[in-house]
file input.tsv (TSV, C-alpha atoms)
chain	number	residue	atom	x	y	z
A	1	MET	CA	15.35	-23.51	18.60
A	2	GLY	CA	17.27	-20.65	20.16
A	3	LEU	CA	15.67	-18.02	22.35
A	4	ARG	CA	16.47	-15.23	19.88
A	5	LYS	CA	14.84	-17.12	17.00
A	6	GLN	CA	11.74	-17.76	19.15
A	7	ARG	CA	11.55	-14.04	19.99
A	8	ASP	CA	12.00	-13.10	16.32
A	9	GLU	CA	9.23	-15.49	15.29
A	10	ALA	CA	6.95	-14.16	18.04
A	11	ASP	CA	7.71	-10.58	16.95
A	12	LEU	CA	6.94	-11.50	13.34
A	13	ALA	CA	3.68	-13.20	14.34
A	14	THR	CA	2.66	-10.08	16.30
A	15	LEU	CA	3.59	-7.82	13.38
A	16	LEU	CA	1.58	-9.96	10.95
A	17	ALA	CA	-1.46	-9.98	13.25
A	18	GLN	CA	-1.25	-6.19	13.62
A	19	GLY	CA	-0.93	-5.81	9.84
A	20	GLU	CA	-3.97	-8.00	9.21
A	21	ASP	CA	-5.96	-5.97	11.73
A	22	MET	CA	-4.91	-2.71	10.03
A	23	ILE	CA	-5.95	-4.09	6.63
A	24	ASP	CA	-9.35	-5.10	8.05
A	25	GLN	CA	-9.84	-1.64	9.58
A	26	LEU	CA	-8.84	0.03	6.33
A	27	ALA	CA	-11.22	-2.17	4.29
A	28	ARG	CA	-14.11	-1.26	6.62
A	29	ALA	CA	-13.22	2.43	6.34
A	30	HIS	CA	-13.05	2.20	2.54
A	31	MET	CA	-16.53	0.67	2.45
A	32	SER	CA	-17.92	3.39	4.75
A	33	TRP	CA	-16.32	6.09	2.58
A	34	GLY	CA	-17.70	4.52	-0.61
A	35	LEU	CA	-14.28	3.78	-2.06
A	36	GLY	CA	-14.56	1.11	-4.70
A	37	SER	CA	-17.78	2.70	-5.93
A	38	ALA	CA	-16.24	5.80	-7.48
A	39	ASP	CA	-17.12	6.67	-11.06
A	40	ARG	CA	-13.43	7.13	-11.75
A	41	TRP	CA	-10.11	7.65	-10.04
A	42	GLY	CA	-6.72	8.98	-11.00
A	43	LEU	CA	-3.25	9.37	-9.60
A	44	ASP	CA	-1.04	12.35	-10.33
A	45	GLN	CA	2.52	11.18	-9.75
A	46	GLN	CA	3.84	14.74	-10.02
A	47	THR	CA	1.79	15.95	-7.04
A	48	GLY	CA	1.48	12.60	-5.25
A	49	VAL	CA	-2.31	12.99	-5.00
A	50	ILE	CA	-4.92	10.34	-5.76
A	51	THR	CA	-8.43	11.55	-6.66
A	52	TRP	CA	-11.71	9.63	-6.59
A	53	THR	CA	-14.72	11.10	-8.37
A	54	PHE	CA	-18.24	10.19	-7.26
A	55	PRO	CA	-21.54	11.51	-8.66
A	56	ASP	CA	-21.94	13.86	-5.67
A	57	ARG	CA	-18.38	14.53	-4.49
A	58	THR	CA	-14.65	14.29	-5.10
A	59	ALA	CA	-12.16	12.92	-2.59
A	60	THR	CA	-8.39	13.36	-2.64
A	61	ALA	CA	-5.53	11.99	-0.56
A	62	PRO	CA	-1.76	11.82	-0.57
A	63	ALA	CA	-0.54	8.58	-2.14
A	64	GLN	CA	2.42	6.24	-2.30
A	65	LEU	CA	2.84	3.31	-4.65
A	66	ILE	CA	4.10	0.06	-3.19
A	67	ALA	CA	3.79	-2.12	-6.27
A	68	SER	CA	1.94	-2.62	-9.52
A	69	HIS	CA	-0.16	-5.60	-10.49
A	70	ASN	CA	-1.22	-6.70	-13.95
A	71	ALA	CA	-4.17	-9.08	-13.66
A	72	SER	CA	-4.01	-10.19	-17.29
A	73	THR	CA	-0.45	-11.48	-16.88
A	74	ALA	CA	-0.70	-12.19	-13.15
A	75	SER	CA	2.47	-10.16	-12.64
A	76	TRP	CA	3.53	-8.13	-9.61
A	77	LEU	CA	6.34	-5.55	-9.64
A	78	TRP	CA	7.62	-3.63	-6.65
A	79	ALA	CA	7.42	0.14	-7.17
A	80	TRP	CA	11.16	0.54	-6.57
A	81	ALA	CA	11.78	-1.80	-9.54
A	82	ASN	CA	9.24	-0.16	-11.86
A	83	SER	CA	10.81	2.53	-14.06
A	84	SER	CA	7.39	4.06	-14.82
A	85	ILE	CA	6.91	5.05	-11.17
A	86	LEU	CA	8.60	8.24	-9.99
A	87	ASP	CA	11.06	7.90	-7.11
A	88	THR	CA	8.98	10.25	-4.97
A	89	MET	CA	5.97	7.96	-5.43
A	90	SER	CA	7.90	4.82	-4.44
A	91	ARG	CA	9.61	6.19	-1.31
A	92	ASP	CA	7.70	3.81	0.98
A	93	ALA	CA	8.46	0.83	-1.27
A	94	HIS	CA	12.16	1.70	-0.99
A	95	THR	CA	11.78	1.75	2.80
A	96	VAL	CA	10.21	-1.73	2.74
A	97	ARG	CA	12.99	-3.02	0.47
A	98	ASP	CA	15.70	-1.54	2.67
A	99	TRP	CA	14.08	-2.96	5.82
A	100	GLY	CA	13.84	-6.46	4.28
call {"tool": "encode", "arguments": {"input": "input.tsv", "output": "structure tokens"}}
result
Amino acid sequence: MGLRKQRDEADLATLLAQGEDMIDQLARAHMSWGLGSADRWGLDQQTGVITWTFPDRTATAPAQLIASHNASTASWLWAWANSSILDTMSRDAHTVRDWG
């Protein structure tokens, strides 16, 4: 195996480990914020804002869509390939596609 390939694999392993750590941190934050327990949520693609409604409060945040998942058909579709998602909402998905 060449030195460049070894470096690339090491860089990828580091990136994956960092990504897993970020996902773990985000999951812990979501639990502490009560996300997943909201009475309802909604995404306004026109404004790019996601809203969670709880019995005692409402939380909002800017949003981007990376992909869509349909559990009943076990299908996954990247946001950049989904015509129902506005281009402004799939900007980050386009970045991932272009990087890959």
call {"tool": "residues_near_point", "arguments": {"input": "input.tsv", "point": "(5.9, 6.9, -18.3)", "cutoff": "12 Å", "atoms": "only C-alpha atoms", "output": "PyMOL selection string"}}
result
chain A and resi 44-46+82-86
call {"tool": "residues_around", "arguments": {"input": "input.tsv", "residues": "range 36-42 of chain A", "least_positions_apart": "6", "cutoff": "12 Å", "atoms": "only C-alpha atoms", "output": "CSV table (one decimal) with C-alpha atoms, keeping the file's coordinate frame"}}
result
chain,number,residue,atom,x,y,z
A,27,ALA,CA,-11.2,-2.2,4.3
A,28,ARG,CA,-14.1,-1.3,6.6
A,29,ALA,CA,-13.2,2.4,6.3
A,30,HIS,CA,-13.0,2.2,2.5
A,48,GLY,CA,1.5,12.6,-5.2
A,49,VAL,CA,-2.3,13.0,-5.0
A,50,ILE,CA,-4.9,10.3,-5.8
A,51,THR,CA,-8.4,11.6,-6.7
A,52,TRP,CA,-11.7,9.6,-6.6
A,53,THR,CA,-14.7,11.1,-8.4
A,54,PHE,CA,-18.2,10.2,-7.3
A,55,PRO,CA,-21.5,11.5,-8.7
A,56,ASP,CA,-21.9,13.9,-5.7
A,57,ARG,CA,-18.4,14.5,-4.5
A,58,THR,CA,-14.6,14.3,-5.1
A,59,ALA,CA,-12.2,12.9,-2.6
A,60,THR,CA,-8.4,13.4,-2.6
A,61,ALA,CA,-5.5,12.0,-0.6
A,62,PRO,CA,-1.8,11.8,-0.6
A,63,ALA,CA,-0.5,8.6,-2.1
call {"tool": "closest_atom_pairs", "arguments": {"input": "input.tsv", "of": "range 6-85 of chain A", "to": "range 91-98 of chain A", "cutoff": "9 Å", "atoms": "all atoms listed in the file", "output": "CSV"}}
result
residue,atom,partner,partner_atom,distance
A:Gln64,CA,A:Asp92,CA,6.7
A:Leu65,CA,A:Ala93,CA,7.0
A:Ile66,CA,A:Ala93,CA,4.8
A:Ala67,CA,A:Ala93,CA,7.5
A:Trp78,CA,A:Ala93,CA,7.0
A:Ala79,CA,A:Ala93,CA,6.0
A:Trp80,CA,A:His94,CA,5.8
call {"tool": "atom_distance", "arguments": {"input": "input.tsv", "atom1": "CA of Asp11 in chain A", "atom2": "CA of Ser90 in chain A"}}
result
26.4 Å
call {"tool": "atom_distance", "arguments": {"input": "input.tsv", "atom1": "CA of Ala13 in chain A", "atom2": "CA of Ala81 in chain A"}}
result
27.7 Å
